[in-house]
Amino acid sequence: MSSFPDGFLWGAATAAHQVEGNNLNNDWWRLEQVAADYGVQPSGDALDSYHRYREDMQLLSDRGFTAYRFSLEWSRIEPLPGKFSRAELGHYRRMIETARELGLDPIVTIHHFTHPLWFDDRGAWLWDGAVDAFVQYVEQACTILHDVRWIITINEPNVLAITHGGQRQVAMGNPYPQNALPDQEIGDALIAAHRAAAPVVRRLTDAKVGWTVANQALTATSGNEEKFAEVQYLIEDKYLEVSRDDDFVGVQSYTSQPVDADGIVPHPPADDNTLMGWAYRPDALGIAVRHTHDVLGGDVPILVTENGIATDDDERRIAYTTTALRDLAAAIADGADVRGYLHWSLLDNFEWGHWGPTFGLVAVDRESFERRPKPSLDWLGTVARRNAVED
Ligand code: FCB
């Protein structure tokens with residue numbers, strides 16, 4: 001058995017727009033309506049987790065998991081500029097209290113990809129009022145977060161800076177750009193937003209504060225080391241380095257890609273590609289954690305805030321996660337300070353325009369909203385209770 005440190009957190013993650021349903025007032029909902037002709041599917045009722053969150057958390061609690069990561073939906077909390085909804089803040093406060101009641105540490109993401117329509121209409125992250133507006137929202141969010149232990153300001157700024165411009169690409173039928181780099185201006189705005197928001201969260205709560213970075217586990221092809229270093233900085237290290245000033249960093253890892261003279265090499269078609277079209281790389285997590293540790297040194301604790309696989313073969317999910325966890329245990333043994341593992345995802349959810357790529361430990365009937373746990377949920381629950389994975 002490979003064991004994990006005492007107090008290691010075990011859980012699963014979700015994001016508001018992917019599970020709640022009827023987030024009518026955000027940029028993604030709008031995109032879903034205009035891009036329908038290009039194969040983008042609507043989120044609709046999603047999984048109705050807005051109402052069924054207790055049932056979702058119970059699935060984890062019953063099996064001995066100790067953490068649940070979920071996000072707040074900005075467009076619900078601030079439906080109009082400067083107008084904050086007490087009722088919606090109350091809703092997310094009840095989620096925090098429910099998690100606690102069920103023995104789960106709530107890990108809260110303040111911003112997970114979506115923003116209100118009014119923010120979009122003003123130019124979103126390129127609007128010169130963006131950082132101030134975000135900080136105002138964060139201040140209000142903190143009124144319900146005072147006792148939360150782990151808070152993520154922004155999820156995957158490095159992907160947000162791709163997909164923000166990339167929403168147009170979604171509309172053009174290219175939902176998953178596999179070689180795009182972040183838009184520098186949007187990336188810089190997100191860095192400024194995080195740097196402004198993190199001290200506010202630190203002042204108003206007792207939490208460890210950080211953000212999460214999509215770790216690409218990039219590798220250099222021979223002769224292209226310079227290009228590799230350039231690309232790795234632009235897409236990843238620039239965002240990891242920001243975490244030097246934080247209390248932790250979230251590592252999110254799914255796959256690995258080589259870099260050649262032209263940049264990141266898109267995943268070649270292969271029989272064992274996942275339902276995202278990504279290469280099957282269960283070793284990516286170990287590479288990602290070691291790289292993050294190299295960039296930040298030992299001073300910034302790591303939380304694995306996402307890792308998983310889009311597959312309709314649950315045995316494959318277990319095989320993928322087994323390897324990922326063994327590699328994680330080995331990285332910890334070699335000195336990485338990792339505090340927990342949150343699987344993406346608890347539920348088969350709305351994968352940003354598509355219902356096909358299923359990442360869940362639990363399937364959901366989208367007519368009745370019935371939750372149907374897969375064997376992987378019990379399997380990962382056993383790993384959590386033992387705090388160890390089979391060798
Ligand atoms: C990450 C996102 C998450 C989910 C997974 C598959 O980029 O944070 O919402 O879409 O990828």
# chains A, B, ... in the order shown; residues from 1 in each chain; ligands from 1
call {"tool": "residues_near_ligand", "arguments": {"ligand": "ligand 1", "cutoff": "7 Å", "atoms": "only C-alpha atoms and all ligand atoms", "output": "compact mmCIF listing (two decimals) with N, CA, C and O atoms, in the first residue's frame"}}
result
# COMPACT_ATOMS: atom_id res chain seq x y z
N ALA A 15 -18.49 22.38 -10.03
CA ALA A 15 -18.53 23.84 -10.23
C ALA A 15 -19.98 24.22 -10.50
O ALA A 15 -20.71 23.47 -11.16
N ASN A 155 -10.63 29.86 -10.48
CA ASN A 155 -10.28 28.55 -11.01
C ASN A 155 -9.58 28.68 -12.36
O ASN A 155 -10.10 29.35 -13.27
N GLU A 156 -8.43 28.05 -12.49
CA GLU A 156 -7.72 27.95 -13.77
C GLU A 156 -7.69 29.25 -14.57
O GLU A 156 -8.23 29.32 -15.69
N VAL A 159 -6.61 28.70 -18.11
CA VAL A 159 -7.57 28.19 -19.10
C VAL A 159 -8.65 29.24 -19.37
O VAL A 159 -9.10 29.41 -20.50
N ALA A 214 -4.33 25.08 -14.14
CA ALA A 214 -4.39 23.89 -15.00
C ALA A 214 -2.96 23.50 -15.32
O ALA A 214 -2.25 24.22 -16.01
N TRP A 344 -12.09 15.07 -9.88
CA TRP A 344 -13.04 15.68 -10.81
C TRP A 344 -13.64 14.54 -11.61
O TRP A 344 -12.93 13.90 -12.34
N GLU A 351 -20.23 19.53 -19.25
CA GLU A 351 -18.81 19.79 -19.51
C GLU A 351 -18.68 20.93 -20.53
O GLU A 351 -18.30 20.72 -21.67
N TRP A 352 -19.03 22.12 -20.09
CA TRP A 352 -18.84 23.35 -20.87
C TRP A 352 -19.28 23.18 -22.34
O TRP A 352 -18.45 23.13 -23.25
call {"tool": "residues_around", "arguments": {"residues": "Leu145 of chain A", "least_positions_apart": "5", "cutoff": "12 Å", "atoms": "only C-alpha atoms", "output": "PyMOL selection string"}}
result
chain A and resi 71-72+89-90+92-97+106-110+138-140+150-153+200-209
call {"tool": "residues_around", "arguments": {"residues": "Asp314 of chain A", "least_positions_apart": "5", "cutoff": "12 Å", "atoms": "only C-alpha atoms", "output": "short mmCIF file (atom, residue, chain, number, x, y, z; two decimals) with N, CA, C and O atoms, in the first residue's frame"}}
result
data_model
loop_
_atom_site.label_atom_id
_atom_site.label_comp_id
_atom_site.auth_asym_id
_atom_site.auth_seq_id
_atom_site.Cartn_x
_atom_site.Cartn_y
_atom_site.Cartn_z
N GLY A 308 -8.96 13.61 -12.98
CA GLY A 308 -9.97 12.62 -13.33
C GLY A 308 -9.91 12.31 -14.82
O GLY A 308 -9.01 12.76 -15.54
N ILE A 309 -10.90 11.56 -15.29
CA ILE A 309 -10.91 11.11 -16.68
C ILE A 309 -12.34 11.06 -17.22
O ILE A 309 -13.25 10.59 -16.52
N ALA A 319 -8.68 2.48 -12.91
CA ALA A 319 -7.28 2.20 -13.30
C ALA A 319 -6.50 3.52 -13.40
O ALA A 319 -5.38 3.64 -12.90
N TYR A 320 -7.11 4.50 -14.05
CA TYR A 320 -6.46 5.82 -14.22
C TYR A 320 -6.14 6.43 -12.86
O TYR A 320 -5.02 6.89 -12.59
N THR A 321 -7.13 6.40 -11.98
CA THR A 321 -6.98 7.08 -10.68
C THR A 321 -6.00 6.32 -9.79
O THR A 321 -5.25 6.94 -9.02
N ASP A 348 -21.53 13.21 -13.21
CA ASP A 348 -21.47 13.41 -14.67
C ASP A 348 -22.16 14.74 -14.95
O ASP A 348 -23.39 14.83 -14.90
N THR A 358 -18.09 12.25 -19.78
CA THR A 358 -18.55 11.97 -18.42
C THR A 358 -17.35 11.71 -17.50
O THR A 358 -16.63 10.75 -17.64
N PHE A 359 -17.19 12.62 -16.53
CA PHE A 359 -16.08 12.57 -15.57
C PHE A 359 -16.52 12.03 -14.20
O PHE A 359 -15.71 11.94 -13.28
N GLY A 360 -17.82 11.73 -14.02
CA GLY A 360 -18.34 11.54 -12.67
C GLY A 360 -18.05 10.20 -12.01
O GLY A 360 -17.92 9.16 -12.68
N LEU A 361 -17.99 10.24 -10.68
CA LEU A 361 -18.01 9.03 -9.86
C LEU A 361 -19.46 8.57 -9.72
O LEU A 361 -19.73 7.48 -9.21
N VAL A 362 -20.36 9.45 -10.15
CA VAL A 362 -21.80 9.20 -10.01
C VAL A 362 -22.47 9.63 -11.31
O VAL A 362 -22.21 10.72 -11.81
N ALA A 363 -23.32 8.74 -11.88
CA ALA A 363 -24.11 9.12 -13.05
C ALA A 363 -25.40 9.78 -12.57
O ALA A 363 -25.81 9.57 -11.43
N PRO A 373 -24.65 6.06 -8.18
CA PRO A 373 -23.23 5.91 -7.91
C PRO A 373 -22.60 4.81 -8.77
O PRO A 373 -23.20 3.76 -8.99
N LYS A 374 -21.40 5.08 -9.25
CA LYS A 374 -20.64 4.07 -10.02
C LYS A 374 -19.71 3.35 -9.04
O LYS A 374 -19.41 3.87 -7.95
N PRO A 375 -19.21 2.16 -9.42
CA PRO A 375 -18.27 1.45 -8.53
C PRO A 375 -17.08 2.31 -8.12
O PRO A 375 -16.55 2.16 -7.01
N SER A 376 -16.66 3.24 -8.97
CA SER A 376 -15.49 4.07 -8.63
C SER A 376 -15.74 4.92 -7.39
O SER A 376 -14.80 5.25 -6.67
N LEU A 377 -17.00 5.26 -7.11
CA LEU A 377 -17.27 6.07 -5.91
C LEU A 377 -16.94 5.25 -4.66
O LEU A 377 -16.28 5.73 -3.74
N ASP A 378 -17.41 3.99 -4.64
CA ASP A 378 -17.10 3.12 -3.48
C ASP A 378 -15.61 2.86 -3.41
O ASP A 378 -15.02 2.85 -2.33
N TRP A 379 -15.01 2.62 -4.57
CA TRP A 379 -13.56 2.33 -4.60
C TRP A 379 -12.77 3.50 -4.00
O TRP A 379 -11.94 3.31 -3.11
N LEU A 380 -13.07 4.74 -4.47
CA LEU A 380 -12.31 5.89 -3.97
C LEU A 380 -12.62 6.15 -2.49
O LEU A 380 -11.75 6.59 -1.73
#
call {"tool": "residues_around", "arguments": {"residues": "Ala192 of chain A", "least_positions_apart": "5", "cutoff": "12 Å", "atoms": "only C-alpha atoms", "output": "list in words"}}
result
Trp125, Leu126, Asp128, Gly129, Ala130, Val131, Asp132, Phe134, Val135, Thr153, Ile154, Pro157, Glu185, Ile186, Gly187, Ala197, Ala198, Pro199, Tyr239 and Val242 of chain A
call {"tool": "write_last_selection", "arguments": {"atoms": "all heavy atoms", "output": "short mmCIF file (atom, residue, chain, number, x, y, z; two decimals), in the first residue's frame"}}
result
data_model
loop_
_atom_site.label_atom_id
_atom_site.label_comp_id
_atom_site.auth_asym_id
_atom_site.auth_seq_id
_atom_site.Cartn_x
_atom_site.Cartn_y
_atom_site.Cartn_z
N TRP A 125 -13.23 40.64 -18.53
CA TRP A 125 -11.93 40.86 -17.88
C TRP A 125 -11.10 41.95 -18.55
O TRP A 125 -10.11 42.41 -18.00
CB TRP A 125 -11.15 39.54 -17.78
CG TRP A 125 -11.85 38.64 -16.82
CD1 TRP A 125 -12.64 37.55 -17.13
CD2 TRP A 125 -11.89 38.77 -15.39
NE1 TRP A 125 -13.16 37.02 -15.98
CE2 TRP A 125 -12.72 37.74 -14.90
CE3 TRP A 125 -11.33 39.67 -14.48
CZ2 TRP A 125 -12.99 37.57 -13.53
CZ3 TRP A 125 -11.59 39.51 -13.13
CH2 TRP A 125 -12.41 38.48 -12.66
N LEU A 126 -11.53 42.40 -19.73
CA LEU A 126 -10.81 43.49 -20.38
C LEU A 126 -11.40 44.86 -20.06
O LEU A 126 -10.86 45.89 -20.44
CB LEU A 126 -10.77 43.26 -21.90
CG LEU A 126 -9.95 42.02 -22.30
CD1 LEU A 126 -9.99 41.81 -23.81
CD2 LEU A 126 -8.50 42.14 -21.82
N ASP A 128 -12.00 48.05 -17.84
CA ASP A 128 -11.05 48.62 -16.86
C ASP A 128 -11.60 48.63 -15.43
O ASP A 128 -10.85 48.83 -14.48
CB ASP A 128 -10.53 50.00 -17.30
CG ASP A 128 -11.65 51.01 -17.49
OD1 ASP A 128 -12.79 50.69 -17.12
OD2 ASP A 128 -11.36 52.11 -18.01
N GLY A 129 -12.88 48.35 -15.27
CA GLY A 129 -13.43 48.23 -13.92
C GLY A 129 -13.48 46.79 -13.41
O GLY A 129 -14.04 46.52 -12.34
N ALA A 130 -12.90 45.86 -14.18
CA ALA A 130 -13.08 44.43 -13.86
C ALA A 130 -12.54 44.05 -12.49
O ALA A 130 -13.21 43.38 -11.71
CB ALA A 130 -12.43 43.57 -14.95
N VAL A 131 -11.32 44.50 -12.19
CA VAL A 131 -10.70 44.08 -10.93
C VAL A 131 -11.50 44.63 -9.75
O VAL A 131 -11.81 43.90 -8.79
CB VAL A 131 -9.22 44.51 -10.88
CG1 VAL A 131 -8.64 44.28 -9.49
CG2 VAL A 131 -8.41 43.75 -11.93
N ASP A 132 -11.88 45.90 -9.81
CA ASP A 132 -12.66 46.49 -8.71
C ASP A 132 -13.98 45.77 -8.53
O ASP A 132 -14.42 45.50 -7.41
CB ASP A 132 -12.94 47.97 -8.98
CG ASP A 132 -11.68 48.81 -8.79
OD1 ASP A 132 -10.70 48.29 -8.24
OD2 ASP A 132 -11.70 49.99 -9.21
N PHE A 134 -14.68 42.71 -9.33
CA PHE A 134 -14.44 41.37 -8.77
C PHE A 134 -14.20 41.47 -7.27
O PHE A 134 -14.76 40.69 -6.48
CB PHE A 134 -13.27 40.70 -9.50
CG PHE A 134 -12.99 39.31 -8.99
CD1 PHE A 134 -13.92 38.28 -9.16
CD2 PHE A 134 -11.79 39.01 -8.34
CE1 PHE A 134 -13.67 36.99 -8.69
CE2 PHE A 134 -11.53 37.73 -7.87
CZ PHE A 134 -12.47 36.72 -8.04
N VAL A 135 -13.40 42.43 -6.87
CA VAL A 135 -13.09 42.56 -5.44
C VAL A 135 -14.36 42.87 -4.63
O VAL A 135 -14.56 42.34 -3.54
CB VAL A 135 -12.00 43.63 -5.21
CG1 VAL A 135 -11.84 43.95 -3.74
CG2 VAL A 135 -10.67 43.14 -5.79
N THR A 153 -9.71 31.67 -5.06
CA THR A 153 -10.28 32.90 -5.65
C THR A 153 -10.80 32.62 -7.06
O THR A 153 -11.95 32.86 -7.37
CB THR A 153 -9.23 34.02 -5.74
OG1 THR A 153 -8.13 33.52 -6.50
CG2 THR A 153 -8.77 34.47 -4.37
N ILE A 154 -9.89 32.12 -7.92
CA ILE A 154 -10.22 31.96 -9.34
C ILE A 154 -9.75 30.58 -9.79
O ILE A 154 -8.62 30.17 -9.51
CB ILE A 154 -9.53 33.04 -10.20
CG1 ILE A 154 -9.99 34.44 -9.78
CG2 ILE A 154 -9.80 32.82 -11.69
CD1 ILE A 154 -9.24 35.58 -10.48
N PRO A 157 -7.05 30.30 -14.04
CA PRO A 157 -6.94 31.54 -14.82
C PRO A 157 -6.30 31.27 -16.18
O PRO A 157 -6.64 31.93 -17.17
CB PRO A 157 -6.04 32.42 -13.94
CG PRO A 157 -5.33 31.46 -13.02
CD PRO A 157 -6.31 30.36 -12.78
N GLU A 185 -3.46 39.62 -22.24
CA GLU A 185 -4.14 40.73 -21.56
C GLU A 185 -5.16 40.20 -20.55
O GLU A 185 -5.27 40.72 -19.43
CB GLU A 185 -4.88 41.55 -22.62
CG GLU A 185 -4.49 43.00 -22.65
CD GLU A 185 -5.36 43.73 -23.65
OE1 GLU A 185 -5.33 43.36 -24.85
OE2 GLU A 185 -6.08 44.65 -23.24
N ILE A 186 -5.88 39.18 -20.95
CA ILE A 186 -6.86 38.59 -20.03
C ILE A 186 -6.12 37.93 -18.87
O ILE A 186 -6.49 38.08 -17.71
CB ILE A 186 -7.77 37.58 -20.75
CG1 ILE A 186 -8.58 38.28 -21.84
CG2 ILE A 186 -8.71 36.90 -19.75
CD1 ILE A 186 -9.37 37.33 -22.73
N GLY A 187 -5.03 37.21 -19.20
CA GLY A 187 -4.24 36.58 -18.15
C GLY A 187 -3.74 37.59 -17.13
O GLY A 187 -3.84 37.38 -15.92
N ALA A 197 -7.74 40.38 -4.74
CA ALA A 197 -8.78 39.69 -3.95
C ALA A 197 -8.19 38.88 -2.80
O ALA A 197 -8.80 38.82 -1.72
CB ALA A 197 -9.59 38.77 -4.87
N ALA A 198 -7.03 38.26 -3.01
CA ALA A 198 -6.51 37.33 -1.99
C ALA A 198 -6.32 38.00 -0.62
O ALA A 198 -6.76 37.44 0.40
CB ALA A 198 -5.21 36.68 -2.48
N PRO A 199 -5.74 39.22 -0.54
CA PRO A 199 -5.60 39.85 0.78
C PRO A 199 -6.95 40.16 1.43
O PRO A 199 -7.07 40.12 2.66
CB PRO A 199 -4.84 41.15 0.49
CG PRO A 199 -4.32 41.04 -0.89
CD PRO A 199 -5.13 40.01 -1.61
N TYR A 239 1.46 31.63 -14.11
CA TYR A 239 0.33 31.57 -13.17
C TYR A 239 0.74 30.87 -11.88
O TYR A 239 0.29 31.23 -10.80
CB TYR A 239 -0.86 30.89 -13.84
CG TYR A 239 -1.28 31.66 -15.08
CD1 TYR A 239 -0.68 31.41 -16.32
CD2 TYR A 239 -2.20 32.70 -14.99
CE1 TYR A 239 -1.01 32.15 -17.45
CE2 TYR A 239 -2.54 33.45 -16.11
CZ TYR A 239 -1.93 33.18 -17.34
OH TYR A 239 -2.26 33.93 -18.43
N VAL A 242 2.61 33.16 -9.39
CA VAL A 242 1.75 34.06 -8.59
C VAL A 242 1.48 33.43 -7.22
O VAL A 242 1.32 34.12 -6.21
CB VAL A 242 0.43 34.34 -9.35
CG1 VAL A 242 -0.57 35.09 -8.49
CG2 VAL A 242 0.73 35.11 -10.64
#
call {"tool": "closest_residue", "arguments": {"among": "A:Asp27, A:Glu78, A:Glu20, A:Asp313", "to": "Ser43 of chain A", "atoms": "only C-alpha atoms"}}
result
A:Glu20
call {"tool": "residues_around", "arguments": {"residues": "Ala336 of chain A", "least_positions_apart": "2", "cutoff": "12 Å", "atoms": "only C-alpha atoms", "output": "compact mmCIF listing (two decimals) with all heavy atoms, in the first residue's frame"}}
result
# COMPACT_ATOMS: atom_id res chain seq x y z
N PHE A 4 -0.85 7.94 2.57
CA PHE A 4 -0.83 9.41 2.49
C PHE A 4 -0.67 9.99 3.89
O PHE A 4 -0.94 9.30 4.88
CB PHE A 4 -2.12 9.89 1.80
CG PHE A 4 -2.15 9.50 0.34
CD1 PHE A 4 -2.58 8.23 -0.04
CD2 PHE A 4 -1.69 10.36 -0.63
CE1 PHE A 4 -2.57 7.84 -1.38
CE2 PHE A 4 -1.67 9.98 -1.97
CZ PHE A 4 -2.11 8.72 -2.34
N PRO A 5 -0.23 11.24 3.98
CA PRO A 5 0.02 11.83 5.30
C PRO A 5 -1.26 11.90 6.15
O PRO A 5 -2.37 11.96 5.60
CB PRO A 5 0.50 13.25 4.96
CG PRO A 5 0.91 13.22 3.53
CD PRO A 5 0.13 12.14 2.87
N GLY A 286 1.41 13.00 -11.42
CA GLY A 286 2.73 12.97 -10.78
C GLY A 286 3.66 14.02 -11.40
O GLY A 286 4.37 14.75 -10.69
N ILE A 287 3.63 14.11 -12.73
CA ILE A 287 4.47 15.10 -13.43
C ILE A 287 4.07 16.51 -12.99
O ILE A 287 4.92 17.36 -12.68
CB ILE A 287 4.32 14.95 -14.97
CG1 ILE A 287 4.74 13.56 -15.44
CG2 ILE A 287 5.09 16.05 -15.70
CD1 ILE A 287 4.41 13.26 -16.91
N ALA A 288 2.76 16.74 -12.93
CA ALA A 288 2.24 18.08 -12.59
C ALA A 288 2.63 18.49 -11.17
O ALA A 288 3.09 19.61 -10.94
CB ALA A 288 0.72 18.10 -12.74
N VAL A 289 2.47 17.59 -10.24
CA VAL A 289 2.77 17.91 -8.84
C VAL A 289 4.27 18.16 -8.67
O VAL A 289 4.69 19.10 -8.00
CB VAL A 289 2.27 16.79 -7.90
CG1 VAL A 289 2.87 16.90 -6.52
CG2 VAL A 289 0.74 16.84 -7.82
N ARG A 290 5.09 17.32 -9.31
CA ARG A 290 6.54 17.52 -9.20
C ARG A 290 6.95 18.85 -9.83
O ARG A 290 7.80 19.56 -9.31
CB ARG A 290 7.29 16.35 -9.86
CG ARG A 290 7.26 15.09 -9.02
CD ARG A 290 7.83 13.90 -9.78
NE ARG A 290 7.50 12.66 -9.10
CZ ARG A 290 8.23 12.11 -8.12
NH1 ARG A 290 9.34 12.70 -7.72
NH2 ARG A 290 7.84 11.00 -7.54
N HIS A 291 6.33 19.18 -10.97
CA HIS A 291 6.68 20.45 -11.62
C HIS A 291 6.28 21.64 -10.75
O HIS A 291 7.05 22.59 -10.57
CB HIS A 291 6.03 20.55 -13.01
CG HIS A 291 6.30 21.87 -13.67
ND1 HIS A 291 7.57 22.25 -14.07
CD2 HIS A 291 5.49 22.93 -13.93
CE1 HIS A 291 7.52 23.48 -14.56
NE2 HIS A 291 6.28 23.91 -14.49
N THR A 292 5.08 21.58 -10.18
CA THR A 292 4.62 22.68 -9.31
C THR A 292 5.55 22.83 -8.12
O THR A 292 5.93 23.95 -7.73
CB THR A 292 3.16 22.41 -8.86
OG1 THR A 292 2.33 22.40 -10.02
CG2 THR A 292 2.67 23.47 -7.89
N HIS A 293 5.94 21.70 -7.56
CA HIS A 293 6.87 21.72 -6.42
C HIS A 293 8.22 22.35 -6.85
O HIS A 293 8.81 23.13 -6.11
CB HIS A 293 7.06 20.30 -5.90
CG HIS A 293 8.00 20.20 -4.75
ND1 HIS A 293 7.70 20.68 -3.50
CD2 HIS A 293 9.26 19.68 -4.66
CE1 HIS A 293 8.72 20.47 -2.69
NE2 HIS A 293 9.68 19.87 -3.37
N ASP A 294 8.68 22.01 -8.06
CA ASP A 294 9.94 22.59 -8.56
C ASP A 294 9.83 24.11 -8.70
O ASP A 294 10.75 24.84 -8.36
CB ASP A 294 10.32 22.01 -9.93
CG ASP A 294 10.81 20.58 -9.82
OD1 ASP A 294 11.08 20.14 -8.68
OD2 ASP A 294 10.89 19.90 -10.86
N VAL A 295 8.69 24.57 -9.23
CA VAL A 295 8.54 26.01 -9.47
C VAL A 295 8.42 26.78 -8.16
O VAL A 295 9.01 27.85 -8.01
CB VAL A 295 7.29 26.30 -10.36
CG1 VAL A 295 7.01 27.80 -10.45
CG2 VAL A 295 7.49 25.72 -11.75
N LEU A 296 7.68 26.22 -7.20
CA LEU A 296 7.36 26.98 -5.99
C LEU A 296 8.23 26.63 -4.79
O LEU A 296 8.17 27.30 -3.76
CB LEU A 296 5.89 26.77 -5.61
CG LEU A 296 4.89 27.36 -6.61
CD1 LEU A 296 3.47 27.00 -6.24
CD2 LEU A 296 5.03 28.88 -6.68
N GLY A 297 9.02 25.57 -4.92
CA GLY A 297 9.81 25.15 -3.77
C GLY A 297 8.89 24.56 -2.71
O GLY A 297 7.69 24.37 -2.95
N GLY A 298 9.45 24.31 -1.53
CA GLY A 298 8.67 23.60 -0.52
C GLY A 298 7.74 24.49 0.29
O GLY A 298 7.03 24.00 1.16
N ASP A 299 7.72 25.80 0.03
CA ASP A 299 7.02 26.71 0.95
C ASP A 299 5.52 26.81 0.72
O ASP A 299 4.80 27.30 1.58
CB ASP A 299 7.61 28.13 0.83
CG ASP A 299 9.07 28.13 1.22
OD1 ASP A 299 9.47 27.21 1.96
OD2 ASP A 299 9.80 29.04 0.77
N VAL A 300 5.07 26.41 -0.46
CA VAL A 300 3.65 26.58 -0.77
C VAL A 300 2.99 25.20 -0.84
O VAL A 300 3.25 24.43 -1.77
CB VAL A 300 3.47 27.32 -2.12
CG1 VAL A 300 1.99 27.61 -2.36
CG2 VAL A 300 4.27 28.61 -2.14
N PRO A 301 2.14 24.87 0.14
CA PRO A 301 1.47 23.57 0.11
C PRO A 301 0.61 23.41 -1.16
O PRO A 301 0.11 24.40 -1.70
CB PRO A 301 0.58 23.59 1.36
CG PRO A 301 1.13 24.66 2.23
CD PRO A 301 1.79 25.64 1.33
N ILE A 302 0.47 22.18 -1.58
CA ILE A 302 -0.30 21.85 -2.78
C ILE A 302 -1.58 21.12 -2.38
O ILE A 302 -1.57 20.27 -1.49
CB ILE A 302 0.54 20.94 -3.70
CG1 ILE A 302 1.74 21.71 -4.27
CG2 ILE A 302 -0.30 20.33 -4.82
CD1 ILE A 302 2.77 20.82 -4.98
N LEU A 303 -2.67 21.48 -3.04
CA LEU A 303 -3.90 20.71 -2.92
C LEU A 303 -4.22 20.25 -4.34
O LEU A 303 -4.23 21.07 -5.25
CB LEU A 303 -5.00 21.65 -2.40
CG LEU A 303 -6.26 21.11 -1.75
CD1 LEU A 303 -5.94 20.22 -0.57
CD2 LEU A 303 -7.15 22.28 -1.30
N VAL A 304 -4.44 18.96 -4.54
CA VAL A 304 -4.89 18.52 -5.86
C VAL A 304 -6.38 18.84 -5.91
O VAL A 304 -7.19 18.18 -5.25
CB VAL A 304 -4.64 17.01 -6.10
CG1 VAL A 304 -5.19 16.59 -7.46
CG2 VAL A 304 -3.15 16.71 -6.00
N ASP A 327 1.39 7.62 -8.11
CA ASP A 327 2.39 8.64 -8.48
C ASP A 327 2.36 9.81 -7.51
O ASP A 327 3.40 10.40 -7.19
CB ASP A 327 2.14 9.17 -9.90
CG ASP A 327 2.47 8.14 -10.97
OD1 ASP A 327 2.88 7.01 -10.61
OD2 ASP A 327 2.31 8.47 -12.16
N LEU A 328 1.16 10.14 -7.04
CA LEU A 328 1.03 11.24 -6.08
C LEU A 328 1.73 10.87 -4.78
O LEU A 328 2.49 11.67 -4.21
CB LEU A 328 -0.45 11.55 -5.85
CG LEU A 328 -0.77 12.69 -4.89
CD1 LEU A 328 -0.22 14.02 -5.42
CD2 LEU A 328 -2.29 12.82 -4.67
N ALA A 329 1.49 9.65 -4.30
CA ALA A 329 2.13 9.19 -3.06
C ALA A 329 3.65 9.22 -3.22
O ALA A 329 4.38 9.61 -2.30
CB ALA A 329 1.65 7.79 -2.71
N ALA A 330 4.14 8.84 -4.41
CA ALA A 330 5.59 8.84 -4.65
C ALA A 330 6.14 10.27 -4.63
O ALA A 330 7.22 10.53 -4.08
CB ALA A 330 5.91 8.16 -5.98
N ALA A 331 5.40 11.20 -5.21
CA ALA A 331 5.85 12.61 -5.22
C ALA A 331 5.90 13.15 -3.79
O ALA A 331 6.81 13.91 -3.43
CB ALA A 331 4.92 13.46 -6.09
N ILE A 332 4.92 12.75 -2.98
CA ILE A 332 4.90 13.18 -1.57
C ILE A 332 6.11 12.60 -0.85
O ILE A 332 6.82 13.29 -0.10
CB ILE A 332 3.58 12.77 -0.89
CG1 ILE A 332 2.41 13.53 -1.52
CG2 ILE A 332 3.64 13.03 0.62
CD1 ILE A 332 1.02 13.05 -1.09
N ALA A 333 6.36 11.30 -1.11
CA ALA A 333 7.52 10.65 -0.47
C ALA A 333 8.82 11.36 -0.86
O ALA A 333 9.77 11.43 -0.07
CB ALA A 333 7.58 9.18 -0.87
N ASP A 334 8.84 11.93 -2.07
CA ASP A 334 10.04 12.64 -2.53
C ASP A 334 10.06 14.11 -2.08
O ASP A 334 10.93 14.87 -2.51
CB ASP A 334 10.14 12.58 -4.06
CG ASP A 334 10.53 11.18 -4.51
OD1 ASP A 334 11.03 10.40 -3.67
OD2 ASP A 334 10.33 10.87 -5.71
N VAL A 338 1.76 17.86 -0.16
CA VAL A 338 0.41 17.81 -0.73
C VAL A 338 -0.59 17.53 0.39
O VAL A 338 -0.41 16.60 1.16
CB VAL A 338 0.32 16.71 -1.83
CG1 VAL A 338 -1.05 16.73 -2.49
CG2 VAL A 338 1.42 16.89 -2.87
N ARG A 339 -1.64 18.34 0.45
CA ARG A 339 -2.56 18.27 1.59
C ARG A 339 -3.86 17.52 1.31
O ARG A 339 -4.63 17.26 2.24
CB ARG A 339 -2.90 19.68 2.07
CG ARG A 339 -1.69 20.54 2.42
CD ARG A 339 -0.99 20.02 3.68
NE ARG A 339 0.22 20.77 3.94
CZ ARG A 339 0.27 21.87 4.71
NH1 ARG A 339 -0.81 22.33 5.27
NH2 ARG A 339 1.42 22.48 4.90
N GLY A 340 -4.15 17.25 0.03
CA GLY A 340 -5.40 16.56 -0.23
C GLY A 340 -5.58 16.27 -1.71
O GLY A 340 -4.82 16.76 -2.56
call {"tool": "residues_around", "arguments": {"residues": "Ala67 of chain A", "least_positions_apart": "2", "cutoff": "6 Å", "atoms": "only C-alpha atoms", "output": "list in words"}}
result
Trp10, Gly11, Leu104, Asp105 and Pro106 of chain A
call {"tool": "atom_distance", "arguments": {"atom1": "atom CA of Ala261 of chain A", "atom2": "atom CA of Gln216 of chain A"}}
result
17.3 Å
call {"tool": "select_by_dssp", "arguments": {"residues": "segment 92-259 of chain A", "states": "strand (DSSP E or B)", "output": "count of residues only"}}
result
30
call {"tool": "closest_residue", "arguments": {"among": "A:Leu80, A:Tyr341, A:Glu226, A:Arg69", "to": "Arg149 of chain A", "atoms": "only C-alpha atoms"}}
result
A:Arg69
call {"tool": "closest_residue", "arguments": {"among": "A:Thr14, A:Ser243, A:Thr274, A:Ser2", "to": "Tyr68 of chain A", "atoms": "only C-alpha atoms"}}
result
A:Thr14
call {"tool": "select_by_dssp", "arguments": {"residues": "segment 78-215 of chain A", "states": "helix (DSSP H, G or I)", "output": "PyMOL selection string"}}
result
chain A and resi 86-101+117-121+124-126+130-144+157-171+184-204
